[in-house]
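Engineer: Structure file query-v8.cif, mmCIF, C-alpha atoms, is pasted below:
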```
data_start
#
loop_
_atom_site.label_atom_id
_atom_site.label_comp_id
_atom_site.auth_asym_id
_atom_site.auth_seq_id
_atom_site.Cartn_x
_atom_site.Cartn_y
_atom_site.Cartn_z
CA MET Z 5 167.06 85.76 30.68
CA ASN Z 6 169.74 83.80 28.90
CA GLY Z 7 169.26 82.15 25.56
CA MET Z 8 169.41 78.44 24.93
CA THR Z 9 172.04 76.25 23.26
CA GLN Z 10 173.10 76.44 19.64
CA ILE Z 11 170.93 73.57 18.42
CA VAL Z 12 167.73 75.13 19.76
CA LYS Z 13 168.57 78.47 18.16
CA LYS Z 14 169.16 76.95 14.74
CA VAL Z 15 165.99 74.83 14.75
CA THR Z 16 163.91 77.80 15.90
CA GLN Z 17 165.32 79.89 13.08
CA LEU Z 18 164.13 77.31 10.55
CA MET Z 19 160.72 76.61 12.07
CA SER Z 20 159.52 80.13 12.82
CA GLY Z 21 159.11 81.00 9.14
CA LEU Z 22 156.89 77.95 8.59
CA ILE Z 23 154.75 78.73 11.65
CA PHE Z 24 154.21 82.30 10.45
CA MET Z 25 153.14 81.14 6.98
CA TYR Z 26 150.73 78.60 8.48
CA GLY Z 27 149.14 81.30 10.63
CA LEU Z 28 148.65 83.56 7.60
CA TYR Z 29 147.05 80.70 5.66
CA ILE Z 30 144.50 80.08 8.40
CA ILE Z 31 143.65 83.80 8.65
CA THR Z 32 143.05 84.40 4.95
CA HIS Z 33 141.07 81.17 4.29
CA GLY Z 34 138.80 81.85 7.26
CA HIS Z 35 135.59 81.84 5.26
CA LEU Z 36 136.23 78.53 3.47
CA THR Z 37 137.83 76.16 6.01
CA PRO Z 38 137.75 75.97 9.82
CA GLY Z 39 139.77 78.66 11.52
CA GLY Z 40 139.27 82.37 11.14
CA GLY Z 41 140.79 85.48 12.66
CA PHE Z 42 141.13 84.38 16.30
CA ALA Z 43 142.86 81.05 15.68
CA GLY Z 44 145.28 82.47 13.10
CA GLY Z 45 146.18 85.46 15.30
CA ALA Z 46 147.00 83.20 18.24
CA ILE Z 47 149.22 80.98 16.05
CA VAL Z 48 151.22 84.01 14.77
CA ALA Z 49 151.71 85.23 18.35
CA GLY Z 50 152.92 81.75 19.34
CA GLY Z 51 155.57 81.83 16.63
CA PHE Z 52 156.98 85.13 17.90
CA ILE Z 53 156.94 83.92 21.53
CA LEU Z 54 159.03 80.92 20.43
CA LEU Z 55 161.67 83.28 18.99
CA ILE Z 56 161.87 85.35 22.17
CA LEU Z 57 162.24 82.26 24.36
CA ALA Z 58 165.01 80.72 22.27
CA TYR Z 59 167.24 83.76 21.84
CA GLY Z 60 166.95 85.31 25.29
CA SER Z 61 166.09 88.87 26.16
CA LYS Z 62 169.55 90.39 26.34
CA VAL Z 63 170.03 90.24 22.59
CA LEU Z 64 166.87 92.11 21.57
CA ASN Z 65 165.93 95.71 22.23
CA LEU Z 66 162.67 95.01 23.99
CA ARG Z 67 161.45 98.52 24.76
CA LYS Z 68 161.35 99.41 21.07
CA GLU Z 69 159.52 96.17 20.23
CA GLU Z 70 156.86 96.87 22.82
CA THR Z 71 156.22 100.34 21.39
CA GLN Z 72 155.78 98.84 17.91
CA THR Z 73 153.30 96.15 18.97
CA SER Z 74 151.29 98.70 20.94
CA ILE Z 75 150.94 100.95 17.91
CA THR Z 76 150.00 98.01 15.64
CA GLU Z 77 147.24 96.88 17.97
CA SER Z 78 145.69 100.34 18.28
CA VAL Z 79 145.77 101.04 14.53
CA ALA Z 80 144.14 97.67 13.70
CA LEU Z 81 141.26 98.29 16.12
CA LEU Z 82 140.73 101.79 14.66
CA VAL Z 83 140.53 100.41 11.09
CA ILE Z 84 137.88 97.87 12.17
CA VAL Z 85 135.66 100.60 13.62
CA MET Z 86 136.13 102.71 10.47
CA LEU Z 87 135.07 99.81 8.24
CA ALA Z 88 131.98 99.23 10.34
CA LEU Z 89 131.08 102.94 10.15
CA ALA Z 90 131.50 102.93 6.37
CA GLY Z 91 128.62 100.48 6.16
CA LEU Z 92 126.43 103.18 7.63
CA PHE Z 93 126.94 105.50 4.67
CA LEU Z 94 127.43 103.20 1.69
CA GLY Z 95 124.67 100.64 2.12
CA THR Z 96 121.40 100.97 3.95
CA TYR Z 97 121.17 102.88 7.19
CA VAL Z 98 122.45 100.00 9.31
CA PHE Z 99 125.68 99.95 11.33
CA PHE Z 100 127.89 96.89 10.57
CA ASN Z 101 126.36 96.07 7.18
CA ASN Z 102 127.85 93.74 4.59
CA TYR Z 103 128.11 96.06 1.63
CA LEU Z 104 130.64 94.70 -0.86
CA PRO Z 105 129.33 92.39 -3.62
CA GLN Z 106 129.21 88.70 -2.80
CA GLY Z 107 130.60 86.35 -5.42
CA GLU Z 108 129.83 82.68 -5.65
CA ILE Z 109 130.19 80.39 -2.65
CA GLY Z 110 133.54 78.60 -2.44
CA GLN Z 111 135.89 80.99 -4.22
CA LEU Z 112 138.67 82.82 -2.43
CA ILE Z 113 137.28 86.29 -3.15
CA SER Z 114 133.68 86.08 -1.97
CA ALA Z 115 131.46 86.84 1.01
CA GLY Z 116 131.67 90.63 0.82
CA VAL Z 117 133.67 92.34 3.54
CA ILE Z 118 134.23 89.24 5.77
CA PRO Z 119 137.81 88.38 4.58
CA ILE Z 120 138.96 91.97 5.30
CA TYR Z 121 137.52 91.71 8.83
CA ASN Z 122 139.38 88.43 9.32
CA ILE Z 123 142.75 89.98 8.42
CA PHE Z 124 142.44 92.94 10.75
CA ILE Z 125 141.07 90.90 13.66
CA GLY Z 126 144.04 88.53 13.26
CA MET Z 127 146.49 91.44 13.41
CA GLU Z 128 144.82 92.80 16.53
CA VAL Z 129 144.78 89.51 18.44
CA ALA Z 130 148.45 88.74 17.65
CA ALA Z 131 149.61 92.22 18.70
CA ALA Z 132 147.62 92.14 21.97
CA LEU Z 133 149.03 88.75 23.01
CA LEU Z 134 152.58 89.89 22.21
CA THR Z 135 152.14 93.09 24.24
CA ILE Z 136 151.04 91.07 27.29
CA PHE Z 137 154.06 88.74 27.01
CA LEU Z 138 156.58 91.56 26.47
CA GLY Z 139 155.19 93.43 29.49
CA LEU Z 140 155.97 90.44 31.72
CA VAL Z 141 159.49 89.97 30.32
CA ILE Z 142 160.43 93.65 30.66
CA TYR Z 143 159.22 93.71 34.28
CA LYS Z 144 161.42 90.73 35.12
CA GLU Z 145 164.45 92.31 33.50
CA GLU Z 146 164.08 95.60 35.35
CA VAL Z 147 163.45 94.14 38.80
CA ALA Z 148 166.15 91.48 38.68
CA SER Z 149 168.94 93.83 37.67
CA MET C 11 121.51 63.22 30.86
CA THR C 12 124.32 62.05 33.11
CA VAL C 13 126.76 63.97 30.89
CA TYR C 14 125.22 67.26 32.02
CA VAL C 15 125.47 66.32 35.70
CA MET C 16 129.15 65.37 35.33
CA CYS C 17 129.85 68.70 33.64
CA PHE C 18 128.28 70.45 36.64
CA ILE C 19 130.44 68.37 39.02
CA LEU C 20 133.54 69.72 37.21
CA PHE C 21 132.23 73.26 37.85
CA LEU C 22 131.77 72.45 41.55
CA VAL C 23 135.35 71.11 41.80
CA GLY C 24 136.59 74.48 40.53
CA LEU C 25 134.36 76.35 43.02
CA TYR C 26 135.70 74.20 45.90
CA GLY C 27 139.24 75.11 44.84
CA VAL C 28 138.52 78.85 44.88
CA LEU C 29 136.85 78.77 48.30
CA THR C 30 139.17 76.58 50.38
CA ARG C 31 142.73 76.86 49.08
CA ARG C 32 145.25 79.27 50.58
CA ASN C 33 147.80 79.53 47.81
CA LEU C 34 147.19 82.23 45.22
CA ILE C 35 148.27 80.07 42.26
CA LYS C 36 145.75 77.36 43.26
CA ILE C 37 142.97 79.99 43.25
CA VAL C 38 143.90 80.97 39.67
CA ILE C 39 143.82 77.28 38.64
CA GLY C 40 140.34 76.99 40.19
CA PHE C 41 139.03 79.92 38.13
CA SER C 42 140.38 78.33 34.96
CA ILE C 43 138.65 75.00 35.69
CA MET C 44 135.31 76.77 36.24
CA GLU C 45 135.56 78.47 32.84
CA PHE C 46 136.37 75.23 31.02
CA SER C 47 133.26 73.54 32.38
CA CYS C 48 131.07 76.38 31.05
CA PHE C 49 132.55 76.02 27.55
CA LEU C 50 131.90 72.29 27.57
CA PHE C 51 128.27 72.72 28.64
CA LEU C 52 127.55 75.27 25.89
CA ALA C 53 129.10 73.08 23.20
CA MET C 54 127.14 70.02 24.33
CA ILE C 55 123.75 71.74 24.09
CA GLY C 56 123.86 72.16 20.32
CA TYR C 57 124.91 68.63 19.37
CA ILE C 58 122.70 66.55 17.04
CA GLU C 59 123.25 62.81 16.70
CA ASN C 60 125.02 61.90 13.40
CA GLY C 61 125.29 65.55 12.42
CA LEU C 62 128.00 67.16 10.31
CA ALA C 63 130.41 69.96 11.08
CA PRO C 64 128.91 73.26 9.86
CA ILE C 65 130.98 73.74 6.69
CA LEU C 66 129.39 73.61 3.26
CA LYS C 67 130.52 71.03 0.74
CA GLU C 68 129.01 70.42 -2.65
CA GLU C 69 128.09 66.82 -3.04
CA MET C 70 125.25 66.05 -0.67
CA GLU C 71 121.62 67.15 -0.57
CA ASN C 72 119.65 67.86 2.61
CA PRO C 73 122.51 67.60 5.10
CA VAL C 74 121.93 67.86 8.83
CA TYR C 75 124.34 70.31 10.51
CA VAL C 76 124.97 70.79 14.20
CA ASP C 77 123.98 74.14 15.64
CA PRO C 78 126.50 76.90 14.74
CA LEU C 79 125.23 79.52 17.18
CA PRO C 80 126.67 78.16 20.50
CA GLN C 81 129.99 77.49 18.74
CA ALA C 82 130.31 81.15 17.78
CA MET C 83 129.70 82.21 21.39
CA VAL C 84 132.27 79.80 22.84
CA LEU C 85 134.88 80.98 20.28
CA THR C 86 134.66 84.51 21.69
CA ALA C 87 134.65 83.31 25.29
CA ILE C 88 137.90 81.29 25.02
CA VAL C 89 139.97 84.37 24.11
CA ILE C 90 138.32 86.41 26.88
CA GLY C 91 139.30 83.69 29.39
CA LEU C 92 142.94 84.05 28.37
CA ALA C 93 142.83 87.82 28.97
CA THR C 94 141.30 87.35 32.44
CA THR C 95 143.95 84.79 33.47
CA ALA C 96 146.76 87.12 32.30
CA MET C 97 145.46 89.96 34.48
CA LEU C 98 145.12 87.69 37.55
CA LEU C 99 148.74 86.59 37.11
CA ALA C 100 149.94 90.21 36.87
CA ILE C 101 148.29 90.95 40.25
CA ALA C 102 149.84 87.78 41.74
CA ILE C 103 153.35 88.88 40.65
CA ARG C 104 152.88 92.24 42.35
CA ILE C 105 151.70 90.62 45.60
CA TYR C 106 154.75 88.35 45.64
CA LYS C 107 157.15 91.26 45.18
CA LYS C 108 155.69 93.15 48.13
CA TYR C 109 155.07 90.40 50.72
CA GLY C 110 157.51 87.66 49.72
CA THR C 111 154.93 84.86 49.81
CA PHE C 112 151.83 83.60 48.03
CA ASP C 113 149.88 82.92 51.24
CA ILE C 114 146.68 84.95 51.46
CA ARG C 115 146.54 84.90 55.26
CA LYS C 116 149.62 87.12 55.41
CA VAL C 117 148.29 89.75 53.01
CA ASN C 118 146.60 92.03 55.53
CA GLU C 119 148.18 95.45 55.49
CA LEU C 120 145.93 98.16 54.18
CA LYS C 121 148.37 100.89 53.37
CA GLY C 122 150.70 101.41 50.44
CA MET W 19 128.83 59.02 22.25
CA GLU W 20 127.51 59.48 25.78
CA THR W 21 129.76 56.82 27.33
CA LEU W 22 132.85 58.20 25.55
CA LEU W 23 132.17 61.73 26.80
CA SER W 24 131.42 60.50 30.31
CA ILE W 25 134.76 58.67 30.56
CA LEU W 26 136.58 61.76 29.24
CA ILE W 27 134.94 64.08 31.78
CA GLY W 28 135.77 61.52 34.50
CA PHE W 29 139.48 61.83 33.62
CA MET W 30 139.20 65.62 33.70
CA ILE W 31 137.63 65.53 37.19
CA ILE W 32 140.45 63.29 38.52
CA GLY W 33 143.08 65.61 37.00
CA ALA W 34 141.39 68.71 38.48
CA LEU W 35 141.21 67.14 41.96
CA TYR W 36 144.92 66.28 41.87
CA ALA W 37 145.84 69.77 40.63
CA LEU W 38 144.22 71.38 43.68
CA HIS W 39 145.91 69.10 46.23
CA ALA W 40 149.47 68.77 44.92
CA LYS W 41 152.41 69.60 47.20
CA ASP W 42 154.59 71.05 44.45
CA LEU W 43 153.27 73.94 42.35
CA LEU W 44 154.91 72.70 39.14
CA SER W 45 153.04 69.36 39.41
CA ALA W 46 149.78 71.26 39.85
CA LEU W 47 150.37 73.18 36.60
CA ILE W 48 151.12 70.02 34.64
CA ALA W 49 147.92 68.47 36.01
CA GLN W 50 145.97 71.48 34.74
CA GLY W 51 147.22 70.58 31.28
CA ILE W 52 145.16 67.38 31.56
CA VAL W 53 141.96 69.42 31.86
CA GLY W 54 142.88 71.76 29.01
CA TYR W 55 143.97 69.17 26.47
CA GLY W 56 141.12 66.80 27.38
CA LEU W 57 138.77 69.61 26.39
CA VAL W 58 140.33 69.61 22.90
CA ILE W 59 139.42 65.92 22.41
CA ALA W 60 135.87 66.66 23.62
CA PHE W 61 135.50 69.50 21.09
CA LEU W 62 136.70 67.29 18.24
CA ASN W 63 134.10 64.65 19.09
CA LEU W 64 131.33 67.27 19.24
CA ARG W 65 131.98 68.30 15.59
CA ALA W 66 133.54 71.72 16.34
CA PRO W 67 136.95 72.07 14.61
CA ASP W 68 137.21 75.88 15.04
CA LEU W 69 137.02 75.60 18.82
CA ALA W 70 139.65 72.83 18.92
CA ILE W 71 142.25 74.95 17.07
CA VAL W 72 141.72 77.98 19.32
CA GLN W 73 141.74 75.93 22.54
CA ILE W 74 145.06 74.17 21.77
CA VAL W 75 146.98 77.39 21.12
CA VAL W 76 145.43 79.33 24.02
CA GLU W 77 146.11 76.50 26.50
CA THR W 78 149.78 76.30 25.43
CA ILE W 79 150.30 80.05 25.86
CA THR W 80 148.62 80.00 29.30
CA LEU W 81 150.84 77.15 30.52
CA ILE W 82 154.01 78.93 29.31
CA VAL W 83 153.15 82.13 31.19
CA MET W 84 152.18 80.29 34.39
CA VAL W 85 155.37 78.19 34.46
CA ALA W 86 157.43 81.35 33.98
CA VAL W 87 155.67 83.00 36.94
CA VAL W 88 156.14 79.97 39.23
CA LEU W 89 159.81 79.37 38.39
CA ASN W 90 160.74 82.96 39.20
CA SER W 91 159.19 82.88 42.67
CA SER W 92 158.57 80.21 45.27
CA ARG W 93 157.75 76.66 44.25
CA GLU W 94 156.38 75.18 47.43
CA GLU W 95 152.99 75.02 49.04
CA VAL W 96 152.21 76.96 52.22
CA LYS W 97 152.12 75.04 55.47
CA GLU W 98 148.73 74.03 56.83
CA SER W 99 147.70 72.86 60.26
CA TRP W 100 145.13 70.21 61.09
CA ASN W 101 142.90 71.69 63.75
CA ARG W 102 139.22 71.06 64.31
CA ASN W 103 138.10 74.12 62.30
CA LYS W 104 139.62 72.71 59.13
CA ILE W 105 137.74 69.41 59.30
CA LEU W 106 134.47 71.25 59.93
CA ASN W 107 135.12 73.45 56.86
CA ILE W 108 135.75 70.49 54.57
CA VAL W 109 132.68 68.55 55.76
CA THR W 110 130.40 71.59 55.36
CA SER W 111 131.62 72.29 51.84
CA LEU W 112 131.13 68.64 50.82
CA VAL W 113 127.53 68.66 52.12
CA ILE W 114 126.73 71.86 50.21
CA VAL W 115 128.30 70.48 47.01
CA GLY W 116 126.20 67.30 47.22
CA PHE W 117 123.02 69.31 47.81
CA MET W 118 123.65 71.52 44.77
CA ALA W 119 124.31 68.54 42.49
CA TYR W 120 121.04 66.95 43.61
CA ILE W 121 119.03 70.10 42.87
CA PHE W 122 120.74 70.45 39.46
CA ALA W 123 119.56 66.96 38.48
CA PHE W 124 115.98 68.17 39.03
CA MET W 125 116.39 71.41 37.13
CA ILE W 126 117.52 69.89 33.84
CA GLN W 127 114.35 67.83 33.34
CA PRO W 128 112.78 70.31 30.84
CA LEU W 129 115.84 70.15 28.57
CA GLN W 130 115.88 67.93 25.50
CA PRO W 131 117.88 64.68 25.82
CA PHE W 132 121.52 64.77 24.75
CA GLY W 133 121.83 64.65 20.96
CA ASP W 134 118.21 65.55 20.19
CA HIS W 135 118.37 69.30 19.80
CA THR W 136 115.43 70.97 18.03
CA MET W 137 116.70 74.10 16.31
CA ARG W 138 114.18 76.86 16.64
CA MET W 139 116.44 79.86 16.23
CA SER W 140 119.07 78.34 13.98
CA GLN W 141 116.81 77.05 11.19
CA TYR W 142 117.28 80.31 9.32
CA TYR W 143 121.05 80.21 9.90
CA THR W 144 121.58 76.74 8.43
CA GLN W 145 119.18 77.00 5.52
CA MET W 146 119.66 80.56 4.27
CA GLY W 147 123.02 81.43 5.86
CA ALA W 148 125.19 80.53 2.88
CA GLU W 149 123.11 82.62 0.44
CA SER W 150 122.69 85.57 2.78
CA THR W 151 126.36 86.05 3.64
CA GLY W 152 128.18 84.18 0.87
CA ALA W 153 130.54 82.33 3.21
CA ALA W 154 131.05 78.57 3.11
CA ASN W 155 132.04 78.41 6.79
CA LEU W 156 128.78 78.90 8.70
CA VAL W 157 130.45 79.73 12.04
CA THR W 158 132.45 82.62 10.48
CA GLY W 159 129.33 83.87 8.74
CA VAL W 160 127.36 83.90 12.01
CA LEU W 161 130.27 85.47 13.91
CA PHE W 162 130.91 88.40 11.56
CA ASP W 163 127.58 89.08 9.90
CA PHE W 164 124.65 88.08 12.09
CA ARG W 165 126.44 88.62 15.42
CA GLY W 166 128.91 91.40 14.59
CA TYR W 167 128.48 93.36 17.82
CA ASP W 168 129.80 90.47 19.93
CA THR W 169 133.01 90.39 17.88
CA LEU W 170 133.48 94.14 18.30
CA GLY W 171 133.04 93.80 22.09
CA GLU W 172 135.55 90.97 22.24
CA ALA W 173 138.20 92.99 20.42
CA THR W 174 137.66 95.81 22.91
CA ILE W 175 138.07 93.47 25.90
CA LEU W 176 141.36 92.09 24.57
CA PHE W 177 142.70 95.63 24.02
CA THR W 178 141.71 96.66 27.56
CA ALA W 179 143.40 93.59 29.09
CA ALA W 180 146.69 94.35 27.30
CA LEU W 181 146.50 97.96 28.55
CA GLY W 182 145.78 96.78 32.11
CA VAL W 183 148.72 94.36 32.28
CA VAL W 184 151.20 97.00 31.10
CA THR W 185 149.84 99.50 33.65
CA ILE W 186 149.94 97.12 36.64
CA LEU W 187 153.49 95.96 35.93
CA ARG W 188 155.09 99.33 35.51
CA ALA W 189 158.32 99.64 37.49
CA LYS W 190 158.85 102.37 40.01
CA PRO W 191 158.19 105.78 38.45
CA LYS W 192 160.92 108.32 38.43
CA LYS W 193 160.76 110.41 41.53
CA GLU W 194 160.38 114.15 41.22
CA THR W 195 163.71 115.87 41.49
CA GLU W 196 164.01 117.03 45.04
CA SER W 197 166.25 119.70 46.36
#
```
Hey, can you dump this file as structure tokens for me?
Structural biologist:
Amino acid sequence: MNGMTQIVKKVTQLMSGLIFMYGLYIITHGHLTPGGGFAGGAIVAGGFILLILAYGSKVLNLRKEETQTSITESVALLVIVMLALAGLFLGTYVFFNNYLPQGEIGQLISAGVIPIYNIFIGMEVAAALLTIFLGLVIYKEEVAS
Amino acid sequence: MTVYVMCFILFLVGLYGVLTRRNLIKIVIGFSIMEFSCFLFLAMIGYIENGLAPILKEEMENPVYVDPLPQAMVLTAIVIGLATTAMLLAIAIRIYKKYGTFDIRKVNELKG
Amino acid sequence: METLLSILIGFMIIGALYALHAKDLLSALIAQGIVGYGLVIAFLNLRAPDLAIVQIVVETITLIVMVAVVLNSSREEVKESWNRNKILNIVTSLVIVGFMAYIFAFMIQPLQPFGDHTMRMSQYYTQMGAESTGAANLVTGVLFDFRGYDTLGEATILFTAALGVVTILRAKPKKETES
């Protein structure tokens, strides 16, 4: 599909950095303020979808992008299962245990292993939504040409 | 309790759309409306009058929070609803490429 | 609070009924936005800010994908004919809908009234949740520590859906080289 006019491209270039930073803020402060991994991951995916819509699909090399997002999503899910298995050996004999030390309530580094789970769940949700969108765009490009 | 009955009427509107419409896009819209009514019903069960949002602050003693357990379930269900709608739309695109229309009365060949 | 929620759900029902009877498919999609964004206002009034953030972003992404699908194919509704079978279908479905709403009003008698929830299972979560998990956000603590298996299942479902969409929409495979 074609891109949009020059004004839309320039405004998107300025706004997409801010949207990405806002998504990262919501992911990492998930245990202190409302939000968490799912909301932040969806916001990051929305920022990337905005870039693809404004610049068109002839400019980018979409097959390579789809391979990269697929690999990111699979690696993030594998790391989550590994972290859950590590709780089986380090703590008590319970799968999915919370085994790192918990600091005081309200600081940024607290609540054991929950902030690490938030980061990897956010990566997985953003990569999965981007893979779905890129699959649709690539299908349209190949059939229409 | 009239709020619960109106939530169920929204579910029945979605069910009516799935059963009687002939266009494939209208059937997908009907599924989406049915899911939204379920989320609303689950979130309304755990509400306490004059309660607070379930986030800890430091300055009050004996606060009354609303129930956090249904909210955690609905949070998971919203993302699953998005995945289901994306797969339905992928099937709808394929049907349009083969038959040239969204009408379900004309989709009746069993081969290929 | 009950009257405010009742008026909001009334608007959502009117929007849903218009979305299923519109002549143009693009108008039907915009009318579905009424239902989705009205749900965000309902979540904010029910003291659930996490759900409101997720619902806004997910509804926007769904509308973008649906408008892209409709604009690249046909935009008009299929033609219908008014014979006697159609009127019988609509009357039968309306009778069944009324009957089910009447039975539902009986079956919710044992529930507590709206706004008067007695927490039997969540007393432990609200009193000891902050000390057990160490998180200040109780919903995140419940979602990742007390109910971790549900989060693992949800991540698996999202991965499977992405895999399914890419498989269904694969273009024609390369034919085997024939002589």
Engineer: Decode the PyMOL selection byres ((chain W) within 6 of (chain Z)) for the given file into explicit residues and return them as an mmCIF file with C-alpha atoms, in the coordinates of the input.
Structural biologist:
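Written output follows (selection07.cif):
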```
data_model
loop_
_atom_site.group_PDB
_atom_site.id
_atom_site.type_symbol
_atom_site.label_atom_id
_atom_site.label_comp_id
_atom_site.auth_asym_id
_atom_site.auth_seq_id
_atom_site.Cartn_x
_atom_site.Cartn_y
_atom_site.Cartn_z
ATOM 1 C CA ASP W 68 137.210 75.880 15.040
ATOM 2 C CA VAL W 72 141.720 77.980 19.320
ATOM 3 C CA THR W 151 126.360 86.050 3.640
ATOM 4 C CA GLY W 152 128.180 84.180 0.870
ATOM 5 C CA ALA W 153 130.540 82.330 3.210
ATOM 6 C CA ALA W 154 131.050 78.570 3.110
ATOM 7 C CA ASN W 155 132.040 78.410 6.790
ATOM 8 C CA ALA W 180 146.690 94.350 27.300
ATOM 9 C CA VAL W 184 151.200 97.000 31.100
#
```
Engineer: Excluding same-chain residues fewer than 4 positions from Arg138 in chain W, what lies within 12 Å of it counting only C-alpha atoms, as a PyMOL selection string?
Structural biologist: (chain C and resi 56+77+79) or (chain W and resi 142-144)
Engineer: Counting all atoms listed in the file, which residues from chain C have an atom at most 8 Å from any atom of chain Z, and could you show them as a PyMOL selection string?
Structural biologist: chain C and resi 65+89+96+100
Engineer: Can you translate the PyMOL selection byres ((chain W) within 6 of (chain C)) into the concrete residues it hits in this file, as a PyMOL selection string?
Structural biologist: chain W and resi 24+31+65+69+133-135+154-157+161+179+183
Engineer: Name the residues in contact with Thr16 in chain Z at a cut-off of 7 Å, using all atoms listed in the file, excluding same-chain residues fewer than 4 positions from it; report them as a PyMOL selection string.
Structural biologist: chain Z and resi 12+20+55
Engineer: Which distance in Å separates CA of Glu20 in chain W and CA of Leu57 in chain W, to one decimal?
Structural biologist: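 Value for the CA of Glu20 in chain W-CA of Leu57 in chain W distance: 15.2 Å.
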Engineer: Between CA of Ser45 in chain W and CA of Asn103 in chain W, what is the distance, to one decimal in Å?
Structural biologist: 27.7 Å
Engineer: So how far away is CA of Thr110 in chain W from CA of Cys48 in chain C, in Å?
Structural biologist: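 Computing the Euclidean distance for CA of Cys48 in chain C and CA of Thr110 in chain W yields 24.8 Å.
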Engineer: Near Gly54 in chain W, counting only C-alpha atoms, which residues have an atom at most 10 Å away, once you skip same-chain residues fewer than 2 positions from it, shown as a PyMOL selection string?
Structural biologist: (chain C and resi 42-43+46) or (chain W and resi 30+49-52+56-59+73-74+76-78+81)
Engineer: Can you save range 100-142 of chain Z of the given block to a file, including C-alpha atoms and formatted as a compact mmCIF listing (two decimals), in the first residue's frame?
Structural biologist:
```txt
# COMPACT_ATOMS: atom_id res chain seq x y z
CA PHE Z 100 6.00 -21.20 39.71
CA ASN Z 101 7.34 -20.09 43.10
CA ASN Z 102 8.37 -16.56 44.02
CA TYR Z 103 11.94 -17.12 45.07
CA LEU Z 104 13.86 -13.85 44.91
CA PRO Z 105 13.96 -11.70 48.09
CA GLN Z 106 11.14 -9.21 48.51
CA GLY Z 107 12.13 -5.71 49.53
CA GLU Z 108 9.83 -3.18 51.08
CA ILE Z 109 6.48 -2.34 49.52
CA GLY Z 110 6.54 0.68 47.21
CA GLN Z 111 10.10 0.70 45.93
CA LEU Z 112 10.98 0.05 42.31
CA ILE Z 113 13.02 -3.09 43.04
CA SER Z 114 10.69 -5.21 45.16
CA ALA Z 115 8.18 -8.04 44.91
CA GLY Z 116 10.65 -10.80 44.03
CA VAL Z 117 10.49 -12.11 40.48
CA ILE Z 118 7.28 -10.25 39.40
CA PRO Z 119 8.98 -7.31 37.55
CA ILE Z 120 11.02 -9.76 35.43
CA TYR Z 121 7.83 -11.62 34.49
CA ASN Z 122 6.24 -8.30 33.49
CA ILE Z 123 9.07 -7.44 31.09
CA PHE Z 124 9.06 -10.76 29.27
CA ILE Z 125 5.26 -10.97 29.05
CA GLY Z 126 5.27 -7.46 27.53
CA MET Z 127 7.81 -8.51 24.91
CA GLU Z 128 5.78 -11.58 24.03
CA VAL Z 129 2.45 -9.77 23.64
CA ALA Z 130 3.95 -7.00 21.46
CA ALA Z 131 5.71 -9.48 19.16
CA ALA Z 132 2.59 -11.66 18.76
CA LEU Z 133 0.37 -8.70 17.81
CA LEU Z 134 2.97 -7.47 15.30
CA THR Z 135 3.26 -10.92 13.71
CA ILE Z 136 -0.53 -11.05 13.18
CA PHE Z 137 -0.57 -7.60 11.54
CA LEU Z 138 2.44 -8.29 9.30
CA GLY Z 139 0.89 -11.58 8.15
CA LEU Z 140 -2.17 -9.69 6.88
CA VAL Z 141 -0.12 -7.00 5.11
CA ILE Z 142 2.18 -9.50 3.36
```
